[in-house]
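Content type PDB, C-alpha atoms and all ligand atoms, from the file my_file.pdb:
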```pdb
MODEL        1
ATOM      1  CA  MET I   1     -20.299  26.536  26.360
ATOM      2  CA  THR I   2     -17.922  26.185  23.464
ATOM      3  CA  GLN I   3     -14.960  26.580  25.802
ATOM      4  CA  THR I   4     -16.332  23.907  28.149
ATOM      5  CA  THR I   5     -16.807  21.545  25.234
ATOM      6  CA  THR I   6     -13.264  22.236  24.048
ATOM      7  CA  LEU I   7     -11.899  21.535  27.531
ATOM      8  CA  ILE I   8     -13.842  18.295  27.824
ATOM      9  CA  ASP I   9     -12.700  17.267  24.335
ATOM     10  CA  ARG I  10      -9.115  17.919  25.363
ATOM     11  CA  ILE I  11      -9.390  15.945  28.597
ATOM     12  CA  VAL I  12     -11.045  13.037  26.807
ATOM     13  CA  SER I  13      -8.417  12.946  24.080
ATOM     14  CA  GLU I  14      -5.617  13.130  26.670
ATOM     15  CA  LEU I  15      -7.118  10.244  28.602
ATOM     16  CA  LEU I  16      -7.493   8.227  25.398
ATOM     17  CA  GLU I  17      -3.879   8.970  24.504
ATOM     18  CA  GLN I  18      -2.737   7.849  27.966
ATOM     19  CA  GLY I  19      -4.712   4.642  27.568
ATOM     20  CA  ARG I  20      -3.084   3.949  24.234
ATOM     21  CA  ASP I  21       0.387   4.710  25.625
ATOM     22  CA  ALA I  22      -0.271   2.187  28.393
ATOM     23  CA  ALA I  23      -1.423  -0.379  25.834
ATOM     24  CA  ARG I  24       1.730   0.203  23.810
ATOM     25  CA  ARG I  25       3.946  -0.167  26.899
ATOM     26  CA  LEU I  26       2.158  -3.390  27.791
ATOM     27  CA  ALA I  27       2.550  -4.631  24.221
ATOM     28  CA  SER I  28       6.271  -3.855  24.108
ATOM     29  CA  ASP I  29       6.787  -5.828  27.338
ATOM     30  CA  GLU I  30       5.280  -8.854  25.622
ATOM     31  CA  ALA I  31       6.118 -10.326  22.236
ATOM     32  CA  PRO I  32       7.848  -7.892  19.832
ATOM     33  CA  ALA I  33       5.561  -6.718  17.016
ATOM     34  CA  LEU I  34       7.189  -8.655  14.180
ATOM     35  CA  VAL I  35       5.724  -8.255  10.696
ATOM     36  CA  PRO I  36       6.615 -10.114   7.479
ATOM     37  CA  VAL I  37       7.416  -7.944   4.458
ATOM     38  CA  GLY I  38       5.691  -8.155   1.068
ATOM     39  CA  VAL I  39       7.562  -6.407  -1.762
ATOM     40  CA  SER I  40       5.444  -4.889  -4.558
ATOM     41  CA  ASN I  41       6.805  -4.521  -8.049
ATOM     42  CA  ARG I  42       5.043  -2.134 -10.455
ATOM     43  CA  HIS I  43       1.461  -3.240 -11.059
ATOM     44  CA  ILE I  44      -1.971  -2.083 -12.106
ATOM     45  CA  HIS I  45      -5.523  -2.479 -10.781
ATOM     46  CA  LEU I  46      -8.162  -2.225 -13.533
ATOM     47  CA  SER I  47     -11.762  -1.027 -13.612
ATOM     48  CA  ARG I  48     -14.371  -3.006 -15.590
ATOM     49  CA  PRO I  49     -14.552  -0.409 -18.408
ATOM     50  CA  ASP I  50     -10.738  -0.346 -18.773
ATOM     51  CA  MET I  51     -10.579  -4.171 -18.654
ATOM     52  CA  ASP I  52     -13.121  -4.252 -21.507
ATOM     53  CA  ALA I  53     -11.163  -1.709 -23.553
ATOM     54  CA  LEU I  54      -7.784  -3.426 -23.045
ATOM     55  CA  PHE I  55      -8.703  -7.124 -23.170
ATOM     56  CA  GLY I  56     -12.046  -7.130 -24.996
ATOM     57  CA  PRO I  57     -15.670  -6.721 -23.855
ATOM     58  CA  GLY I  58     -16.497  -8.987 -20.901
ATOM     59  CA  ALA I  59     -12.923 -10.286 -20.584
ATOM     60  CA  MET I  60     -12.091 -11.994 -17.283
ATOM     61  CA  LEU I  61      -8.813 -11.911 -15.379
ATOM     62  CA  THR I  62      -6.930 -15.205 -15.193
ATOM     63  CA  ARG I  63      -6.015 -16.021 -11.601
ATOM     64  CA  MET I  64      -2.292 -16.893 -11.564
ATOM     65  CA  LYS I  65      -1.005 -16.559  -7.991
ATOM     66  CA  ALA I  66      -2.791 -15.734  -4.735
ATOM     67  CA  MET I  67      -1.480 -12.777  -2.761
ATOM     68  CA  LYS I  68      -1.277 -12.855   1.036
ATOM     69  CA  GLN I  69      -4.229 -10.495   1.427
ATOM     70  CA  PRO I  70      -7.387 -12.638   1.170
ATOM     71  CA  GLY I  71      -9.083 -12.443  -2.245
ATOM     72  CA  GLN I  72      -6.210 -10.580  -3.919
ATOM     73  CA  TYR I  73      -4.284 -12.262  -6.711
ATOM     74  CA  ALA I  74      -1.737 -11.707  -9.463
ATOM     75  CA  ALA I  75      -3.389 -12.222 -12.848
ATOM     76  CA  ALA I  76      -1.760 -13.790 -15.886
ATOM     77  CA  GLU I  77      -2.634 -10.609 -17.830
ATOM     78  CA  THR I  78      -0.095  -7.836 -18.308
ATOM     79  CA  VAL I  79      -0.197  -4.420 -19.981
ATOM     80  CA  ILE I  80       2.261  -1.887 -21.372
ATOM     81  CA  LEU I  81       2.502   1.520 -19.676
ATOM     82  CA  ARG I  82       3.311   4.358 -22.068
ATOM     83  CA  GLY I  83       4.322   7.790 -20.774
ATOM     84  CA  PRO I  84       5.638  10.969 -22.403
ATOM     85  CA  ARG I  85       9.266   9.775 -22.170
ATOM     86  CA  GLY I  86       9.104   6.011 -22.566
ATOM     87  CA  GLN I  87       7.245   2.794 -22.004
ATOM     88  CA  ILE I  88       7.418  -0.212 -19.675
ATOM     89  CA  GLY I  89       6.066  -3.610 -20.718
ATOM     90  CA  LYS I  90       4.876  -6.728 -18.877
ATOM     91  CA  VAL I  91       3.232  -4.734 -16.077
ATOM     92  CA  ARG I  92       1.249  -7.218 -13.974
ATOM     93  CA  VAL I  93      -2.503  -6.799 -13.497
ATOM     94  CA  LEU I  94      -3.646  -7.528  -9.929
ATOM     95  CA  GLY I  95      -7.156  -8.815  -9.311
ATOM     96  CA  PRO I  96      -9.971  -8.552  -8.587
ATOM     97  CA  LEU I  97     -11.212  -5.630 -10.691
ATOM     98  CA  ARG I  98     -11.765  -2.374  -8.807
ATOM     99  CA  LYS I  99     -14.045   0.615  -9.036
ATOM    100  CA  GLU I 100     -11.209   2.716 -10.432
ATOM    101  CA  THR I 101      -8.036   1.950 -12.358
ATOM    102  CA  GLN I 102      -4.892   2.572 -10.302
ATOM    103  CA  ILE I 103      -1.288   2.302 -11.507
ATOM    104  CA  GLU I 104       1.409   1.779  -8.857
ATOM    105  CA  ILE I 105       5.019   2.329  -9.955
ATOM    106  CA  SER I 106       8.388   3.181  -8.411
ATOM    107  CA  ARG I 107      10.167   6.529  -8.539
ATOM    108  CA  ALA I 108      12.619   5.080 -11.089
ATOM    109  CA  ASP I 109       9.705   3.856 -13.257
ATOM    110  CA  GLY I 110       8.389   7.423 -13.155
ATOM    111  CA  TYR I 111      11.687   8.725 -14.563
ATOM    112  CA  ALA I 112      11.622   6.108 -17.330
ATOM    113  CA  LEU I 113       8.010   6.932 -18.250
ATOM    114  CA  GLY I 114       8.342  10.702 -17.819
ATOM    115  CA  VAL I 115       5.755  11.104 -15.031
ATOM    116  CA  GLN I 116       6.149  12.292 -11.428
ATOM    117  CA  PRO I 117       3.563  10.457  -9.357
ATOM    118  CA  PRO I 118       2.829  11.497  -5.773
ATOM    119  CA  LEU I 119       3.360   9.236  -2.755
ATOM    120  CA  ARG I 120      -0.167   8.116  -1.849
ATOM    121  CA  MET I 121      -2.259   5.558  -0.049
ATOM    122  CA  SER I 122      -4.285   3.311  -2.340
ATOM    123  CA  GLY I 123      -7.414   5.014  -3.680
ATOM    124  CA  GLN I 124      -6.141   8.588  -3.196
ATOM    125  CA  LEU I 125      -5.706   9.521  -6.832
ATOM    126  CA  ASP I 126      -6.671  13.216  -6.910
ATOM    127  CA  GLY I 127      -4.041  15.319  -8.641
ATOM    128  CA  SER I 128      -2.025  12.277  -9.783
ATOM    129  CA  PRO I 129      -0.596  12.149 -13.326
ATOM    130  CA  GLY I 130      -1.935   9.839 -16.022
ATOM    131  CA  LEU I 131      -0.530   7.849 -18.912
ATOM    132  CA  ASP I 132      -1.559   5.443 -21.671
ATOM    133  CA  ILE I 133      -2.233   1.776 -20.952
ATOM    134  CA  VAL I 134      -1.777  -0.596 -23.890
ATOM    135  CA  GLY I 135      -3.458  -4.008 -23.923
ATOM    136  CA  PRO I 136      -3.866  -6.711 -26.566
ATOM    137  CA  GLN I 137      -7.280  -5.372 -27.666
ATOM    138  CA  GLY I 138      -6.857  -1.640 -27.292
ATOM    139  CA  THR I 139      -5.334   1.398 -25.609
ATOM    140  CA  VAL I 140      -6.761   3.495 -22.786
ATOM    141  CA  HIS I 141      -5.690   7.041 -22.014
ATOM    142  CA  LYS I 142      -5.885   7.704 -18.279
ATOM    143  CA  PRO I 143      -5.865  11.393 -17.324
ATOM    144  CA  TYR I 144      -4.864  10.433 -13.744
ATOM    145  CA  GLY I 145      -4.293   7.350 -11.577
ATOM    146  CA  VAL I 146      -0.504   6.891 -11.325
ATOM    147  CA  ILE I 147       0.869   6.822  -7.770
ATOM    148  CA  ILE I 148       3.842   5.630  -5.756
ATOM    149  CA  ALA I 149       2.297   3.517  -2.993
ATOM    150  CA  MET I 150       2.917   4.771   0.523
ATOM    151  CA  ARG I 151       4.345   1.988   2.683
ATOM    152  CA  HIS I 152       1.790   0.462   5.032
ATOM    153  CA  ILE I 153       1.055  -2.517   7.257
ATOM    154  CA  HIS I 154      -2.062  -4.647   6.840
ATOM    155  CA  MET I 155      -3.344  -6.230  10.040
ATOM    156  CA  SER I 156      -6.536  -7.443  11.678
ATOM    157  CA  PRO I 157      -8.295  -5.203  14.206
ATOM    158  CA  GLU I 158      -7.286  -7.814  16.842
ATOM    159  CA  ASP I 159      -3.558  -7.414  16.054
ATOM    160  CA  ALA I 160      -3.974  -3.627  16.093
ATOM    161  CA  ALA I 161      -5.639  -3.738  19.526
ATOM    162  CA  LYS I 162      -2.938  -6.072  20.845
ATOM    163  CA  TRP I 163      -0.269  -3.512  19.898
ATOM    164  CA  GLY I 164      -2.255  -0.447  20.958
ATOM    165  CA  LEU I 165      -2.705   0.732  17.366
ATOM    166  CA  LEU I 166      -5.637   2.106  15.382
ATOM    167  CA  ASN I 167      -6.436   2.090  11.699
ATOM    168  CA  GLY I 168      -4.786   5.164  10.160
ATOM    169  CA  ASP I 169      -2.000   5.436  12.759
ATOM    170  CA  GLU I 170       1.576   5.944  11.579
ATOM    171  CA  VAL I 171       4.398   3.954  13.175
ATOM    172  CA  ASP I 172       8.164   3.611  12.977
ATOM    173  CA  VAL I 173       9.438   0.252  11.754
ATOM    174  CA  ILE I 174      12.844  -1.112  12.701
ATOM    175  CA  VAL I 175      14.775  -3.100  10.116
ATOM    176  CA  ASP I 176      17.722  -5.262  11.181
ATOM    177  CA  GLY I 177      20.583  -6.409   8.976
ATOM    178  CA  PRO I 178      23.562  -4.783   7.237
ATOM    179  CA  ARG I 179      21.368  -2.240   5.389
ATOM    180  CA  GLY I 180      18.987  -1.860   8.338
ATOM    181  CA  GLY I 181      17.500   1.311   9.730
ATOM    182  CA  VAL I 182      14.233   2.934  10.705
ATOM    183  CA  MET I 183      11.328   3.391   8.311
ATOM    184  CA  GLU I 184       9.203   6.287   9.552
ATOM    185  CA  HIS I 185       5.637   7.172   8.549
ATOM    186  CA  VAL I 186       4.392   3.629   8.018
ATOM    187  CA  ALA I 187       0.592   3.693   7.866
ATOM    188  CA  ILE I 188      -1.465   1.112   9.747
ATOM    189  CA  ARG I 189      -4.318  -0.402   7.739
ATOM    190  CA  ALA I 190      -6.378  -2.406  10.190
ATOM    191  CA  ALA I 191      -9.369  -4.193   8.657
ATOM    192  CA  GLU I 192     -11.268  -7.464   8.915
ATOM    193  CA  ALA I 193      -9.964 -10.290   6.732
ATOM    194  CA  SER I 194      -6.437  -8.862   6.564
ATOM    195  CA  ALA I 195      -3.215 -10.846   6.755
ATOM    196  CA  LEU I 196      -0.394  -9.341   8.801
ATOM    197  CA  GLU I 197       1.984  -7.946   6.183
ATOM    198  CA  MET I 198       4.019  -4.802   5.508
ATOM    199  CA  HIS I 199       3.784  -3.598   1.907
ATOM    200  CA  ILE I 200       6.821  -1.768   0.538
ATOM    201  CA  ASP I 201       7.957  -1.132  -3.018
ATOM    202  CA  ILE I 202      11.069  -2.501  -4.710
ATOM    203  CA  GLU I 203      13.121   0.623  -4.071
ATOM    204  CA  GLU I 204      12.373   0.568  -0.343
ATOM    205  CA  ALA I 205      13.123  -3.162  -0.218
ATOM    206  CA  ASN I 206      16.451  -2.710  -1.987
ATOM    207  CA  ALA I 207      17.468   0.287   0.114
ATOM    208  CA  PHE I 208      16.903  -1.683   3.347
ATOM    209  CA  GLY I 209      18.131  -5.046   2.010
ATOM    210  CA  LEU I 210      14.704  -6.636   2.440
ATOM    211  CA  GLY I 211      12.979  -9.460   0.573
ATOM    212  CA  ASN I 212       9.591 -11.157   0.758
ATOM    213  CA  ASP I 213       8.762 -12.617   4.194
ATOM    214  CA  ASP I 214      11.727 -10.982   5.941
ATOM    215  CA  LEU I 215      10.653  -9.823   9.402
ATOM    216  CA  VAL I 216      10.645  -6.204  10.547
ATOM    217  CA  ARG I 217       9.551  -4.819  13.917
ATOM    218  CA  ILE I 218       7.001  -2.129  14.777
ATOM    219  CA  GLU I 219       8.283   0.339  17.373
ATOM    220  CA  THR I 220       5.507   0.071  19.940
ATOM    221  CA  HIS I 221       6.467   2.723  22.503
TER     222      HIS I 221
HETATM  223 ZN    ZN V   1      -1.143  -3.186   0.741
ENDMDL
END
```
Same coordinates, now as structure tokens:
Amino acid sequence: MTQTTTLIDRIVSELLEQGRDAARRLASDEAPALVPVGVSNRHIHLSRPDMDALFGPGAMLTRMKAMKQPGQYAAAETVILRGPRGQIGKVRVLGPLRKETQIEISRADGYALGVQPPLRMSGQLDGSPGLDIVGPQGTVHKPYGVIIAMRHIHMSPEDAAKWGLLNGDEVDVIVDGPRGGVMEHVAIRAAEASALEMHIDIEEANAFGLGNDDLVRIETH
């Protein structure tokens, strides 16, 4: 029985894979999967308790600039990050508030602060290092929560279907230009109310000669 189930599972998954390959071939025959780039500098997402501790009880974020992803914005508020080796000031808070505080920095920031954060998707904070966050009204010690964001592409489920992709897939991304190349292991984040955008950090942008709204191409076959 178990063997039969395993065989059926295998056949089904092979058929599904063939279907997706066909969808990808179809997609690559049509319009190339071009995606605009959004470059993230170091930033922090705050929880309500940490917002209270840093900016005062009940403090609200001040909406400064809308991000491309609906509902997300850069706040006027900034904090200082303080690690065992050094500190970095004017670190932008991104809104809205989240369930858990998350600090996203570059590898070079990690050297300056004296922490070695892992490469992670947003929200995957287990085993990450912490540091101190300094705000105008107080300081918070975080035992964990510092990551280097793994590059990813936001898209709607419709775009994903069009290109034969599923949420959680990894793709190769082709970058043109004098510092061009292939970015491997780019995670697909397909969700409702998402704008098509590839999120990379400053170091990745600099290494590939990319800036905001430059177009890159998903390898679809
Ligand atoms: Zn993102």
When the cut-off is 12 Å and you count only C-alpha atoms and all ligand atoms, which residues lie near ligand ZN 1 (chain V), shown as a VMD selection string? chain I and resid 37 to 41 67 to 70 72 94 104 120 to 123 149 to 155 186 to 191 194 to 201
Suppose we keep C-alpha atoms; can you now write the selection as an mmCIF file, in the frame of the given file?
```cif
data_model
loop_
_atom_site.group_PDB
_atom_site.id
_atom_site.type_symbol
_atom_site.label_atom_id
_atom_site.label_comp_id
_atom_site.auth_asym_id
_atom_site.auth_seq_id
_atom_site.Cartn_x
_atom_site.Cartn_y
_atom_site.Cartn_z
ATOM 1 C CA VAL I 37 7.416 -7.944 4.458
ATOM 2 C CA GLY I 38 5.691 -8.155 1.068
ATOM 3 C CA VAL I 39 7.562 -6.407 -1.762
ATOM 4 C CA SER I 40 5.444 -4.889 -4.558
ATOM 5 C CA ASN I 41 6.805 -4.521 -8.049
ATOM 6 C CA MET I 67 -1.480 -12.777 -2.761
ATOM 7 C CA LYS I 68 -1.277 -12.855 1.036
ATOM 8 C CA GLN I 69 -4.229 -10.495 1.427
ATOM 9 C CA PRO I 70 -7.387 -12.638 1.170
ATOM 10 C CA GLN I 72 -6.210 -10.580 -3.919
ATOM 11 C CA LEU I 94 -3.646 -7.528 -9.929
ATOM 12 C CA GLU I 104 1.409 1.779 -8.857
ATOM 13 C CA ARG I 120 -0.167 8.116 -1.849
ATOM 14 C CA MET I 121 -2.259 5.558 -0.049
ATOM 15 C CA SER I 122 -4.285 3.311 -2.340
ATOM 16 C CA GLY I 123 -7.414 5.014 -3.680
ATOM 17 C CA ALA I 149 2.297 3.517 -2.993
ATOM 18 C CA MET I 150 2.917 4.771 0.523
ATOM 19 C CA ARG I 151 4.345 1.988 2.683
ATOM 20 C CA HIS I 152 1.790 0.462 5.032
ATOM 21 C CA ILE I 153 1.055 -2.517 7.257
ATOM 22 C CA HIS I 154 -2.062 -4.647 6.840
ATOM 23 C CA MET I 155 -3.344 -6.230 10.040
ATOM 24 C CA VAL I 186 4.392 3.629 8.018
ATOM 25 C CA ALA I 187 0.592 3.693 7.866
ATOM 26 C CA ILE I 188 -1.465 1.112 9.747
ATOM 27 C CA ARG I 189 -4.318 -0.402 7.739
ATOM 28 C CA ALA I 190 -6.378 -2.406 10.190
ATOM 29 C CA ALA I 191 -9.369 -4.193 8.657
ATOM 30 C CA SER I 194 -6.437 -8.862 6.564
ATOM 31 C CA ALA I 195 -3.215 -10.846 6.755
ATOM 32 C CA LEU I 196 -0.394 -9.341 8.801
ATOM 33 C CA GLU I 197 1.984 -7.946 6.183
ATOM 34 C CA MET I 198 4.019 -4.802 5.508
ATOM 35 C CA HIS I 199 3.784 -3.598 1.907
ATOM 36 C CA ILE I 200 6.821 -1.768 0.538
ATOM 37 C CA ASP I 201 7.957 -1.132 -3.018
#
```
Mind checking which residues fall within 9 Å of region 173-182 of chain I, counting all atoms listed in the file, ignoring those fewer than 6 positions away in the same chain, and posting them as a PyMOL selection string? chain I and resi 206-210+215-219
Which of I:Asp214, I:Glu100, I:Asp132, I:Asp50 sits closest to Leu81 (chain I) [using only C-alpha atoms]: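 Smallest separation from Leu81 (chain I) among the options: I:Asp132.
Between Pro143 (chain I) and the candidates I:Val35, I:Met183, I:Ile80, I:Leu125, the tightest atom-to-atom separation, counting only C-alpha atoms, involves I:Leu125.
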Could you name the residues that touch Lys142 (chain I) at 9 Å or less, counting all atoms listed in the file, but leaving out those on the same chain fewer than 6 positions away, as a ChimeraX atom specification? /I:101,129-133
For Ile103 (chain I), list every protein, DNA or RNA residue within 9 Å, evaluated using all atoms listed in the file, and leave out those in the same chain fewer than 2 positions away; present the list as a list in words.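 Residues meeting the cut-off are Arg42, His43, Ile44, His45, Leu46, Thr101, Ile105, Gly130, Gly145, Val146, Ile147 and Ile148 of chain I.
Across the structure, CA of Ala31 (chain I) and CA of Glu170 (chain I) are spaced 20.0 Å apart.
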